[in-house]
>>> print(open('query_5.txt').read())   # compact mmCIF, C-alpha atoms
# COMPACT_ATOMS: atom_id res chain seq x y z
CA MET A 432 90.37 112.12 105.12
CA LYS A 433 90.18 108.90 107.11
CA LEU A 434 93.03 106.40 106.89
CA VAL A 435 92.66 102.93 108.36
CA ILE A 436 95.82 100.97 109.10
CA LEU A 437 95.30 97.21 109.24
CA GLY A 438 98.02 95.69 111.37
CA GLY A 439 97.90 98.92 113.35
CA GLY A 440 99.81 97.44 116.28
CA GLY A 441 102.73 96.59 114.00
CA PHE A 442 106.19 97.98 114.55
CA ARG A 443 106.44 100.00 111.34
CA VAL A 444 103.25 102.04 111.84
CA PRO A 445 105.20 105.13 113.06
CA LEU A 446 106.83 105.38 109.64
CA VAL A 447 103.43 106.01 108.04
CA HIS A 448 102.41 108.30 110.88
CA GLY A 449 105.64 110.27 110.48
CA ALA A 450 104.88 110.87 106.80
CA LEU A 451 101.41 112.11 107.73
CA LEU A 452 102.87 114.52 110.29
CA ARG A 453 104.91 116.16 107.52
CA ASP A 454 101.91 116.62 105.21
CA ASP A 455 100.51 120.16 105.42
CA ALA A 456 98.18 120.13 102.39
CA ASP A 457 94.58 121.25 102.82
CA ARG A 458 93.25 117.84 101.78
CA ARG A 459 95.20 115.46 103.99
CA VAL A 460 94.62 112.62 106.41
CA THR A 461 93.08 114.04 109.58
CA GLU A 462 91.88 110.78 111.12
CA VAL A 463 93.87 107.57 111.60
CA VAL A 464 92.26 104.39 112.86
CA LEU A 465 94.55 101.58 113.93
CA HIS A 466 93.13 98.07 113.69
CA ASP A 467 94.77 94.96 115.05
CA THR A 468 93.72 91.70 116.65
CA ASP A 469 96.18 92.29 119.51
CA HIS A 470 94.83 94.87 121.96
CA ALA A 471 98.09 95.12 123.92
CA ARG A 472 100.13 95.95 120.81
CA LEU A 473 97.56 98.57 119.83
CA ASP A 474 97.95 100.25 123.24
CA VAL A 475 101.72 100.38 122.87
CA MET A 476 101.53 101.78 119.36
CA ARG A 477 99.13 104.53 120.45
CA MET A 478 101.68 105.54 123.10
CA VAL A 479 104.45 105.62 120.52
CA LEU A 480 102.42 107.69 118.04
CA SER A 481 101.38 110.15 120.74
CA ALA A 482 105.02 110.60 121.78
CA GLN A 483 106.07 110.86 118.13
CA ALA A 484 103.58 113.67 117.47
CA ALA A 485 104.79 115.53 120.57
CA ASP A 486 108.51 115.01 119.90
CA VAL A 487 108.64 115.36 116.13
CA GLY A 488 105.78 117.76 115.62
CA GLY A 489 104.78 119.03 112.22
CA PRO A 490 103.58 122.08 110.32
CA VAL A 491 99.91 121.42 111.15
CA ALA A 492 97.88 119.68 113.84
CA PRO A 493 98.55 115.93 113.83
CA PRO A 494 95.79 113.57 112.76
CA THR A 495 93.65 112.10 115.51
CA VAL A 496 94.55 108.50 116.29
CA THR A 497 92.12 105.90 117.59
CA ALA A 498 92.45 102.14 117.87
CA THR A 499 90.07 99.22 117.75
CA THR A 500 90.03 95.45 117.47
CA ASP A 501 86.69 95.57 115.63
CA LEU A 502 87.34 95.45 111.89
CA ASP A 503 83.96 96.75 110.73
CA THR A 504 84.16 99.73 113.08
CA ALA A 505 87.60 100.55 111.74
CA LEU A 506 86.67 100.30 108.05
CA ALA A 507 83.38 102.20 108.04
CA GLY A 508 83.67 105.34 105.93
CA ALA A 509 87.39 104.97 105.19
CA ASP A 510 88.94 106.98 102.35
CA PHE A 511 92.13 104.91 102.31
CA VAL A 512 92.96 101.55 103.83
CA PHE A 513 96.61 100.73 104.42
CA SER A 514 96.99 96.97 104.77
CA ALA A 515 100.04 95.79 106.71
CA MET A 516 98.67 92.64 108.28
CA ARG A 517 100.82 89.70 109.33
CA VAL A 518 98.50 86.70 109.41
CA GLY A 519 99.94 84.22 111.88
CA GLY A 520 102.16 86.85 113.48
CA LEU A 521 105.86 86.33 114.00
CA GLU A 522 105.14 82.73 114.98
CA GLY A 523 103.98 82.22 111.41
CA ARG A 524 107.09 83.93 110.08
CA THR A 525 109.41 81.69 112.06
CA ALA A 526 107.48 78.69 110.71
CA ASP A 527 107.94 79.97 107.14
CA GLU A 528 111.67 80.09 107.75
CA ARG A 529 112.25 76.94 109.80
CA ILE A 530 110.00 74.52 107.92
CA ALA A 531 111.88 75.22 104.71
CA LEU A 532 115.33 75.19 106.32
CA ASP A 533 114.66 71.88 108.05
CA LEU A 534 114.01 70.36 104.61
CA GLY A 535 117.12 71.88 103.04
CA LEU A 536 115.26 74.68 101.25
CA LEU A 537 115.52 78.46 101.42
CA GLY A 538 113.91 79.72 104.61
CA GLN A 539 112.65 83.23 103.87
CA GLU A 540 109.29 84.82 104.61
CA THR A 541 108.23 85.98 101.13
CA THR A 542 110.56 84.19 98.73
CA GLY A 543 110.34 80.48 98.04
CA PRO A 544 108.27 77.97 100.04
CA GLY A 545 107.94 80.41 102.93
CA GLY A 546 106.14 82.86 100.66
CA VAL A 547 103.78 80.12 99.49
CA GLY A 548 102.95 79.16 103.06
CA TYR A 549 102.51 82.80 104.03
CA GLY A 550 100.23 83.40 101.06
CA LEU A 551 98.05 80.37 101.78
CA ARG A 552 97.12 81.64 105.23
CA THR A 553 96.91 85.31 104.21
CA VAL A 554 94.67 85.17 101.13
CA PRO A 555 91.50 84.09 103.00
CA VAL A 556 91.92 86.95 105.47
CA ALA A 557 92.70 89.46 102.70
CA LEU A 558 89.59 88.41 100.76
CA ASP A 559 87.43 88.79 103.86
CA VAL A 560 88.85 92.27 104.40
CA ALA A 561 88.21 93.16 100.75
CA ARG A 562 84.57 92.07 100.98
CA ARG A 563 84.10 94.18 104.12
CA ILE A 564 85.66 97.21 102.43
CA ARG A 565 83.30 96.75 99.47
CA ARG A 566 80.39 96.84 101.91
CA LEU A 567 81.54 99.50 104.40
CA ALA A 568 83.80 101.81 102.37
CA PRO A 569 83.10 101.14 98.67
CA ASP A 570 84.92 104.28 97.51
CA ALA A 571 88.08 103.57 99.50
CA TRP A 572 91.45 102.89 97.92
CA VAL A 573 93.47 100.04 99.39
CA ILE A 574 97.23 100.42 99.66
CA ASN A 575 98.57 96.94 100.21
CA PHE A 576 101.87 96.32 101.98
CA THR A 577 100.81 92.90 103.30
CA ASN A 578 103.19 90.24 102.04
CA PRO A 579 103.52 88.47 99.72
CA ALA A 580 102.52 91.87 98.34
CA GLY A 581 101.96 91.06 94.67
CA LEU A 582 100.04 87.88 95.42
CA VAL A 583 97.84 89.51 98.09
CA THR A 584 97.19 92.56 95.89
CA GLN A 585 96.04 90.30 93.05
CA ALA A 586 93.74 88.37 95.39
CA MET A 587 92.13 91.55 96.76
CA GLN A 588 91.68 92.94 93.23
CA SER A 589 89.36 90.01 92.51
CA VAL A 590 86.91 91.74 94.89
CA LEU A 591 87.76 95.44 94.63
CA GLY A 592 89.30 95.77 91.19
CA ASP A 593 91.99 98.31 90.47
CA ARG A 594 91.30 100.27 93.67
CA VAL A 595 93.82 97.94 95.31
CA VAL A 596 97.43 98.99 94.74
CA GLY A 597 100.46 97.20 96.14
CA ILE A 598 103.56 99.03 97.33
CA CYS A 599 107.09 98.02 98.26
CA ASP A 600 110.18 100.04 99.12
CA SER A 601 112.72 97.71 97.45
CA PRO A 602 112.41 98.98 93.83
CA LEU A 603 112.51 102.62 94.94
CA GLY A 604 115.60 101.98 97.04
CA LEU A 605 117.32 100.24 94.14
CA ALA A 606 116.56 103.07 91.72
CA LYS A 607 117.69 105.71 94.22
CA ARG A 608 120.99 103.95 94.85
CA ALA A 609 121.67 103.62 91.13
CA ALA A 610 120.80 107.25 90.45
CA GLY A 611 122.90 108.44 93.39
CA ALA A 612 125.90 106.41 92.25
CA LEU A 613 125.64 108.19 88.89
CA GLY A 614 125.34 111.60 90.55
CA HIS A 615 121.76 112.13 89.41
CA ASP A 616 118.55 113.00 91.19
CA LEU A 617 116.04 110.20 90.66
CA ASP A 618 113.33 112.75 89.81
CA ASP A 619 115.34 113.67 86.70
CA LEU A 620 115.42 110.11 85.39
CA GLU A 621 112.97 107.81 83.64
CA ILE A 622 113.00 104.44 85.40
CA ASP A 623 112.85 101.25 83.32
CA TYR A 624 111.98 98.56 85.88
CA ALA A 625 109.78 95.50 85.48
CA GLY A 626 108.86 92.22 87.10
CA LEU A 627 106.92 91.04 90.11
CA ASN A 628 107.12 92.05 93.74
CA HIS A 629 110.52 90.94 95.10
CA LEU A 630 111.35 89.70 91.58
CA GLY A 631 112.16 92.67 89.36
CA TRP A 632 115.01 94.11 87.33
CA LEU A 633 116.16 97.68 86.73
CA THR A 634 117.07 97.54 83.06
CA GLY A 635 117.49 101.22 82.32
CA LEU A 636 117.69 104.77 83.68
CA ARG A 637 117.12 107.37 81.01
CA ARG A 638 118.01 111.04 81.15
CA ASP A 639 116.79 113.12 78.21
CA GLY A 640 116.29 109.91 76.23
CA ARG A 641 119.76 108.49 76.93
CA ASP A 642 120.15 105.37 79.06
CA VAL A 643 122.77 106.11 81.73
CA LEU A 644 122.62 102.71 83.46
CA PRO A 645 125.41 101.32 81.21
CA ASP A 646 127.65 104.07 82.63
CA LEU A 647 127.13 102.66 86.12
CA LEU A 648 127.69 99.08 84.98
CA ALA A 649 130.98 100.15 83.39
CA ASP A 650 132.22 102.01 86.49
CA GLU A 651 133.73 99.35 88.77
CA THR A 652 134.21 101.68 91.73
CA ALA A 653 130.71 103.16 91.65
CA LEU A 654 129.07 99.79 91.01
CA ALA A 655 130.95 98.08 93.82
CA ALA A 656 129.93 100.81 96.26
CA ILE A 657 126.17 100.25 96.05
CA GLU A 658 124.27 97.54 97.90
CA GLU A 659 123.64 95.52 94.74
CA GLY A 660 127.37 95.48 94.01
CA HIS A 661 127.95 93.89 97.41
CA LEU A 662 125.06 91.44 97.06
CA PHE A 663 125.58 90.14 93.55
CA GLY A 664 129.14 91.08 92.68
CA THR A 665 129.99 93.49 89.91
CA ASP A 666 130.85 90.73 87.41
CA TRP A 667 127.38 89.18 87.70
CA LEU A 668 125.67 92.56 87.37
CA ARG A 669 127.58 93.24 84.17
CA THR A 670 126.73 89.75 82.93
CA LEU A 671 123.03 90.49 83.48
CA GLY A 672 123.32 93.99 82.06
CA ALA A 673 120.80 95.09 84.69
CA LEU A 674 120.41 95.63 88.42
CA PRO A 675 118.22 92.96 90.07
CA ASN A 676 115.96 93.56 93.04
CA GLU A 677 117.81 92.52 96.18
CA TYR A 678 115.47 89.55 96.71
CA LEU A 679 116.81 87.95 93.52
CA TYR A 680 119.89 87.09 95.58
CA TYR A 681 117.84 84.16 96.85
CA TYR A 682 117.44 82.86 93.28
CA TYR A 683 120.91 83.59 91.91
CA PHE A 684 122.78 82.47 95.06
CA THR A 685 120.38 79.96 96.58
CA ARG A 686 122.92 77.59 98.09
CA ASP A 687 124.91 80.49 99.51
CA ALA A 688 121.81 82.02 101.08
CA ILE A 689 120.70 78.72 102.64
CA ALA A 690 124.16 78.11 104.07
CA GLN A 691 124.37 81.63 105.48
CA ILE A 692 120.91 81.48 107.07
CA ARG A 693 121.55 78.04 108.57
CA SER A 694 124.90 79.11 110.00
CA ALA A 695 123.35 82.02 111.90
CA PRO A 696 122.33 81.48 115.53
CA GLN A 697 118.73 82.41 114.69
CA THR A 698 116.58 83.24 111.70
CA ARG A 699 115.41 86.76 110.98
CA GLY A 700 111.97 85.90 112.33
CA GLU A 701 113.41 84.49 115.55
CA TYR A 702 115.52 87.64 115.96
CA LEU A 703 112.44 89.83 115.54
CA VAL A 704 110.39 87.74 117.98
CA ALA A 705 112.91 88.49 120.71
CA GLN A 706 113.47 92.11 119.71
CA GLN A 707 109.78 92.98 119.47
CA ALA A 708 108.86 91.16 122.67
CA ASP A 709 111.43 93.29 124.50
CA PHE A 710 110.24 96.49 122.82
CA TYR A 711 106.50 96.05 123.40
CA SER A 712 106.90 94.88 126.98
CA ALA A 713 109.30 97.74 127.80
CA VAL A 714 106.98 100.44 126.44
CA ALA A 715 103.95 98.86 128.10
CA ALA A 716 105.78 98.91 131.43
CA SER A 717 107.00 102.49 131.08
CA HIS A 718 105.69 105.16 128.74
CA ASP A 719 108.82 107.29 129.16
CA ASP A 720 110.85 107.74 125.99
CA ALA A 721 108.45 105.56 123.97
CA TRP A 722 109.31 107.37 120.75
CA GLN A 723 113.07 107.36 121.31
CA ARG A 724 112.96 103.68 122.26
CA TRP A 725 111.07 102.87 119.06
CA ASP A 726 113.53 104.85 116.93
CA ALA A 727 116.54 103.08 118.44
CA VAL A 728 114.98 99.66 117.80
CA ARG A 729 114.07 100.73 114.26
CA ARG A 730 117.66 101.59 113.44
CA GLU A 731 118.90 98.29 114.84
CA ARG A 732 116.25 96.43 112.88
CA ASN A 733 117.08 98.22 109.62
CA ALA A 734 120.82 97.69 110.06
CA THR A 735 120.33 93.91 110.24
CA TYR A 736 117.83 93.67 107.35
CA MET A 737 118.77 90.81 104.97
CA GLN A 738 121.96 90.35 106.99
CA GLU A 739 122.60 86.93 105.45
CA THR A 740 123.08 88.50 102.02
CA ARG A 741 125.94 90.71 103.18
CA GLU A 742 128.36 88.02 104.34
CA GLY A 743 131.44 87.81 102.16
CA ASP A 744 133.49 84.77 101.20
CA ASP A 745 135.88 85.58 104.05
CA GLY A 746 133.05 85.41 106.60
CA ALA A 747 133.05 89.19 107.17
CA SER A 748 129.89 91.20 106.68
CA HIS A 749 129.73 94.64 105.11
CA GLU A 750 127.57 97.25 106.79
CA ARG A 751 124.46 98.73 105.23
CA ALA A 752 124.78 102.26 103.90
CA GLU A 753 123.61 104.91 106.34
CA ALA A 754 120.79 105.98 104.02
CA ASP A 755 119.50 102.41 103.97
CA VAL A 756 119.79 102.12 107.76
CA GLU A 757 117.71 105.26 108.08
CA GLY A 758 115.26 103.20 106.09
CA GLY A 759 111.70 103.95 105.33
CA GLY A 760 110.75 104.53 101.76
CA TYR A 761 107.46 102.69 101.57
CA GLU A 762 105.75 105.31 103.72
CA GLY A 763 106.84 107.97 101.23
CA VAL A 764 105.41 105.89 98.40
CA ALA A 765 102.15 105.48 100.34
CA LEU A 766 101.83 109.22 101.00
CA ALA A 767 102.67 110.13 97.40
CA LEU A 768 100.11 107.60 96.17
CA MET A 769 97.41 109.02 98.46
CA ALA A 770 98.27 112.60 97.46
CA ALA A 771 98.14 111.77 93.77
CA ILE A 772 94.70 110.18 94.08
CA ALA A 773 93.09 112.47 96.67
CA ARG A 774 94.57 115.77 95.50
CA ASP A 775 95.25 115.00 91.84
CA GLU A 776 98.97 115.62 92.32
CA PRO A 777 100.49 113.56 89.50
CA ALA A 778 103.34 111.30 90.53
CA ARG A 779 105.55 108.61 89.03
CA LEU A 780 105.87 105.62 91.35
CA ILE A 781 106.87 101.97 91.10
CA LEU A 782 103.76 100.06 92.12
CA ASN A 783 102.13 96.64 92.07
CA VAL A 784 99.18 96.99 89.70
CA ARG A 785 97.23 94.99 87.14
CA GLY A 786 99.64 94.93 84.22
CA GLY A 787 97.23 95.01 81.31
CA GLY A 788 100.03 93.77 79.09
CA ALA A 789 102.66 96.17 80.44
CA VAL A 790 105.07 93.26 80.92
CA ALA A 791 105.04 91.28 77.70
CA GLY A 792 104.67 87.57 78.32
CA LEU A 793 102.67 87.84 81.56
CA PRO A 794 98.85 87.57 81.72
CA THR A 795 97.06 90.87 81.24
CA ASP A 796 95.26 90.48 84.58
CA ALA A 797 98.46 89.64 86.46
CA VAL A 798 99.64 92.09 89.10
CA VAL A 799 103.12 93.26 88.12
CA GLU A 800 105.61 95.70 89.60
CA VAL A 801 106.30 98.55 87.18
CA PRO A 802 106.62 102.34 87.06
CA CYS A 803 103.23 104.04 86.94
CA ARG A 804 101.83 107.48 86.44
CA VAL A 805 99.29 108.25 89.15
CA ASP A 806 96.62 110.94 89.33
CA ALA A 807 93.07 111.24 90.65
CA ALA A 808 91.98 108.34 88.43
CA GLY A 809 94.57 106.04 89.96
CA PRO A 810 97.74 104.43 88.61
CA VAL A 811 98.42 103.67 84.96
CA PRO A 812 101.43 101.49 84.05
CA LEU A 813 104.09 103.19 81.96
CA PRO A 814 105.84 101.45 79.05
CA VAL A 815 108.80 99.30 80.05
CA SER A 816 111.34 97.30 78.11
CA ALA A 817 110.66 93.62 77.50
CA LEU A 818 112.33 91.35 80.02
CA PRO A 819 115.06 89.07 78.65
CA GLY A 820 114.15 85.40 78.35
CA HIS A 821 115.73 84.21 81.58
CA ALA A 822 114.01 86.93 83.62
CA LEU A 823 110.65 86.50 81.91
CA GLY A 824 110.75 82.74 82.38
CA LEU A 825 111.39 83.12 86.10
CA ALA A 826 108.64 85.72 86.45
CA GLN A 827 106.19 83.52 84.55
CA GLN A 828 106.90 80.55 86.81
CA VAL A 829 106.57 82.54 90.03
CA LYS A 830 103.39 84.25 88.79
CA ALA A 831 101.91 80.81 87.99
CA VAL A 832 102.69 79.78 91.57
CA ASP A 833 101.04 82.95 92.92
CA GLU A 834 97.88 82.15 90.98
CA LEU A 835 97.89 78.57 92.29
CA VAL A 836 98.18 79.88 95.85
CA ILE A 837 95.15 82.12 95.33
CA ARG A 838 93.16 79.26 93.82
CA ALA A 839 94.20 76.89 96.61
CA ALA A 840 93.06 79.36 99.26
CA VAL A 841 89.77 80.17 97.55
CA GLU A 842 88.93 76.54 96.71
CA GLN A 843 90.40 75.25 100.00
CA SER A 844 92.33 72.73 97.95
CA ARG A 845 95.23 70.90 99.52
CA SER A 846 96.27 69.41 96.18
CA LEU A 847 96.55 72.88 94.62
CA ALA A 848 98.58 74.02 97.62
CA VAL A 849 100.99 71.11 97.18
CA GLU A 850 101.17 71.92 93.46
CA ALA A 851 102.09 75.54 94.29
CA PHE A 852 104.92 74.38 96.55
CA ALA A 853 106.12 71.82 94.00
CA LEU A 854 106.19 74.22 91.04
CA HIS A 855 108.06 76.98 92.84
CA PRO A 856 111.57 77.27 91.35
CA LEU A 857 113.12 77.19 94.84
CA VAL A 858 111.54 73.83 95.73
CA ASP A 859 113.53 71.02 94.12
CA SER A 860 111.27 67.99 94.59
CA VAL A 861 107.59 67.09 94.56
CA THR A 862 108.30 64.81 97.51
CA VAL A 863 109.75 67.72 99.47
CA ALA A 864 106.75 69.89 98.51
CA ARG A 865 104.45 67.33 100.11
CA GLU A 866 106.65 67.29 103.20
CA VAL A 867 106.50 71.10 103.41
CA MET A 868 102.70 71.01 103.26
CA GLY A 869 102.55 68.39 105.99
CA ALA A 870 104.91 70.38 108.19
CA TYR A 871 102.69 73.47 107.93
CA GLU A 872 99.63 71.44 108.86
CA ARG A 873 101.37 70.09 111.95
CA ARG A 874 102.96 73.34 113.09
CA LEU A 875 100.13 75.81 112.32
CA PRO A 876 97.01 73.64 112.06
CA ALA A 877 94.55 76.50 112.65
CA PHE A 878 95.59 78.15 109.38
CA TYR A 879 95.73 75.10 107.14
CA CYS A 880 93.01 72.79 108.51
CA ALA A 881 90.50 74.14 105.95
CA LEU A 882 92.57 72.71 103.07
CA ARG A 883 91.27 69.34 102.00
>>> encode(input="query_5.txt", output="structure tokens")
Amino acid sequence: MKLVILGGGGFRVPLVHGALLRDDADRRVTEVVLHDTDHARLDVMRMVLSAQAADVGGPVAPPTVTATTDLDTALAGADFVFSAMRVGGLEGRTADERIALDLGLLGQETTGPGGVGYGLRTVPVALDVARRIRRLAPDAWVINFTNPAGLVTQAMQSVLGDRVVGICDSPLGLAKRAAGALGHDLDDLEIDYAGLNHLGWLTGLRRDGRDVLPDLLADETALAAIEEGHLFGTDWLRTLGALPNEYLYYYYFTRDAIAQIRSAPQTRGEYLVAQQADFYSAVAASHDDAWQRWDAVRRERNATYMQETREGDDGASHERAEADVEGGGYEGVALALMAAIARDEPARLILNVRGGGAVAGLPTDAVVEVPCRVDAAGPVPLPVSALPGHALGLAQQVKAVDELVIRAAVEQSRSLAVEAFALHPLVDSVTVAREVMGAYERRLPAFYCALR
């Protein structure tokens, strides 16, 4: 099978490649095509993947890897398309963070005004890609990791229908941590999780029909030991009666998050700009140890992920658990999704799919993040518990903003874009929303000049 990776020069590509190296099934990916607009990054990533295949090896011959900056050449005849684009690059990410922070708002790439800005410049590109896939690879499945993942997945579904599936590693990580804290294997549990991408709640974990999540919520030691216990505090988790996705920290502790981000010497995006510049230039200058160099940078990157959420009241930061530092997760979801579809190997995965009423209170055509059963026909949402009023209300408001972003991008409407900023729950003033829009137009005019 042919897999095309959009954003193929991106840093996390070896995670997907590593999963492919471990796959020894007869029907597996044998051809990988990397596509990116940056030829230099593509060259570096090919070096890393070549070294990875040699150093890590696998039970069968590794897939062939080619690279191109021509999108149509990459897409032609694809069986699967893995979308991990970053429209605007890290410069765009730093803008998403700094524009909001400078106006006293949360500066984060997918949550809040940063996610709106990111979506506005990404949707037009995602729709163009979807139309090309429809023409060049009409039978392909699209696995979308491009952020904001739920929003972009919904936009691409308007062209390709349900053959676009969004993935994220956050819900899987949350469920694994909860199961592990209870001493259970996640495969033995039924996951009750619902919401939107980066806005979901684990409301139950059932074993043989019994919900064991209340056992975790009642165990102070076990609850305090997991990442969510550190992020939200055990009292708040018990108040909610559920475990929120880590990104809900930005909603429940907005002022804290803004203060912590502003007090840091640099934003996450600015940190990655420097780190990745060093990495890509070093590998380009010397091919020696390309794989080991990548792995060391990966561990450092994972250890500092969402660092601002781990600072305690005393100013000290707790370290991420070793399993979380090892990271990954989304590549396993991607491989399991491909295997389920291509080889009819049924799987249960938490995915971003058209809900069809799976989450009561959200539009039936809305992309939601829920457990699904997947086979050769694709994913089907599984029943989940109704969200409580406070959670549903937040999800409804954010989903309405997502749909405004898509409309604004499609209709090239500046007024709809301002409305999306203004109606986001993390933007506290219409006046500020207008200022955010103006700041994007000044800082990244090439991406927003079409809005009128």
>>> closest_residue(input="query_5.txt", among="A:Ala808, A:Glu842, A:His855, A:Val487", to="A:Pro555", atoms="only C-alpha atoms")
A:Glu842
>>> atom_distance(input="query_5.txt", atom1="atom CA of A:Cys803", atom2="atom CA of A:Leu582")
18.5 Å
>>> residues_near_point(input="query_5.txt", point="(101.6, 117.3, 104.2)", cutoff="12 Å", atoms="all atoms listed in the file", output="number ranges by chain")
A: 448-461, 489-494, 763, 766-767, 769-770, 774
>>> closest_residue(input="query_5.txt", among="A:Val801, A:Trp572, A:Ile657, A:Pro814", to="A:Ala771", atoms="only C-alpha atoms")
A:Trp572
>>> residues_near_point(input="query_5.txt", point="(113.2, 106.0, 119.6)", cutoff="12 Å", atoms="only C-alpha atoms", output="list in words")
Phe442, Pro445, Leu446, Val479, Leu480, Ala482, Gln483, Asp486, Val487, Phe710, Val714, His718, Asp719, Asp720, Ala721, Trp722, Gln723, Arg724, Trp725, Asp726, Ala727, Val728, Arg729, Arg730 and Glu731 of chain A
>>> closest_residue(input="query_5.txt", among="A:Gly519, A:Glu651, A:Glu850, A:Asp639", to="A:Arg838", atoms="only C-alpha atoms")
A:Glu850
>>> residues_around(input="query_5.txt", residues="stretch 509-515 of chain A", least_positions_apart="4", cutoff="9 Å", atoms="all atoms listed in the file", output="number ranges by chain")
A: 432-439, 441, 443-444, 460, 505, 557, 564, 567-578, 765, 769, 773
>>> axis_aligned_box(input="query_5.txt", around="stretch 720-729 of chain A", padding_each_side="4 Å", output="JSON")
{"center_x": 112.5, "center_y": 103.7, "center_z": 120.1, "size_x": 16.1, "size_y": 16.1, "size_z": 19.7}
>>> closest_residue(input="query_5.txt", among="A:Thr634, A:Thr525, A:Ser601, A:Ser694", to="A:Arg874", atoms="all atoms listed in the file")
A:Thr525
>>> atom_distance(input="query_5.txt", atom1="atom CA of A:Asp503", atom2="atom CA of A:Leu521")
24.5 Å
>>> residues_around(input="query_5.txt", residues="A:Arg472", least_positions_apart="4", cutoff="7 Å", atoms="only C-alpha atoms", output="ChimeraX atom specification")
/A:440,476,711
>>> closest_residue(input="query_5.txt", among="A:Arg608, A:Arg732, A:Arg562, A:Arg883", to="A:Val704", atoms="all atoms listed in the file")
A:Arg732
>>> closest_residue(input="query_5.txt", among="A:Asp619, A:Asp559, A:Asp775, A:Glu800", to="A:Val590", atoms="all atoms listed in the file")
A:Asp559
>>> closest_atom_pairs(input="query_5.txt", of="stretch 546-627 of chain A", to="stretch 674-685 of chain A", cutoff="10 Å", atoms="all atoms listed in the file", output="tab-separated table")
residue	atom	partner	partner_atom	distance
A:Ser601	CA	A:Asn676	CA	6.9
A:Pro602	CA	A:Asn676	CA	6.5
A:Leu603	CA	A:Asn676	CA	9.9
A:Gly604	CA	A:Asn676	CA	9.3
A:Leu605	CA	A:Asn676	CA	6.9
A:Ala606	CA	A:Leu674	CA	9.0
A:Ala609	CA	A:Leu674	CA	8.5
A:Tyr624	CA	A:Leu674	CA	9.3
A:Ala625	CA	A:Pro675	CA	9.9
A:Gly626	CA	A:Asn676	CA	9.4
A:Leu627	CA	A:Asn676	CA	9.8
>>> write_last_selection(input="query_5.txt", atoms="C-alpha atoms", output="short mmCIF file (atom, residue, chain, number, x, y, z; two decimals), keeping the file's coordinate frame")
data_model
loop_
_atom_site.label_atom_id
_atom_site.label_comp_id
_atom_site.auth_asym_id
_atom_site.auth_seq_id
_atom_site.Cartn_x
_atom_site.Cartn_y
_atom_site.Cartn_z
CA SER A 601 112.72 97.71 97.45
CA PRO A 602 112.41 98.98 93.83
CA LEU A 603 112.51 102.62 94.94
CA GLY A 604 115.60 101.98 97.04
CA LEU A 605 117.32 100.24 94.14
CA ALA A 606 116.56 103.07 91.72
CA ALA A 609 121.67 103.62 91.13
CA TYR A 624 111.98 98.56 85.88
CA ALA A 625 109.78 95.50 85.48
CA GLY A 626 108.86 92.22 87.10
CA LEU A 627 106.92 91.04 90.11
#
>>> decode(input="query_5.txt", residues="stretch 443-456 of chain A", atoms="C-alpha atoms", output="mmCIF file, in the first residue's frame")
data_model
loop_
_atom_site.group_PDB
_atom_site.id
_atom_site.type_symbol
_atom_site.label_atom_id
_atom_site.label_comp_id
_atom_site.auth_asym_id
_atom_site.auth_seq_id
_atom_site.Cartn_x
_atom_site.Cartn_y
_atom_site.Cartn_z
ATOM 1 C CA ARG A 443 7.358 13.777 14.129
ATOM 2 C CA VAL A 444 7.433 11.798 10.862
ATOM 3 C CA PRO A 445 9.829 9.150 12.298
ATOM 4 C CA LEU A 446 7.146 8.168 14.804
ATOM 5 C CA VAL A 447 4.870 7.058 11.956
ATOM 6 C CA HIS A 448 7.781 5.472 10.116
ATOM 7 C CA GLY A 449 8.756 3.571 13.261
ATOM 8 C CA ALA A 450 5.255 2.101 13.528
ATOM 9 C CA LEU A 451 5.460 0.996 9.893
ATOM 10 C CA LEU A 452 8.816 -0.703 10.521
ATOM 11 C CA ARG A 453 7.173 -2.874 13.183
ATOM 12 C CA ASP A 454 4.311 -3.965 10.917
ATOM 13 C CA ASP A 455 4.945 -7.403 9.399
ATOM 14 C CA ALA A 456 1.483 -8.163 8.000
#
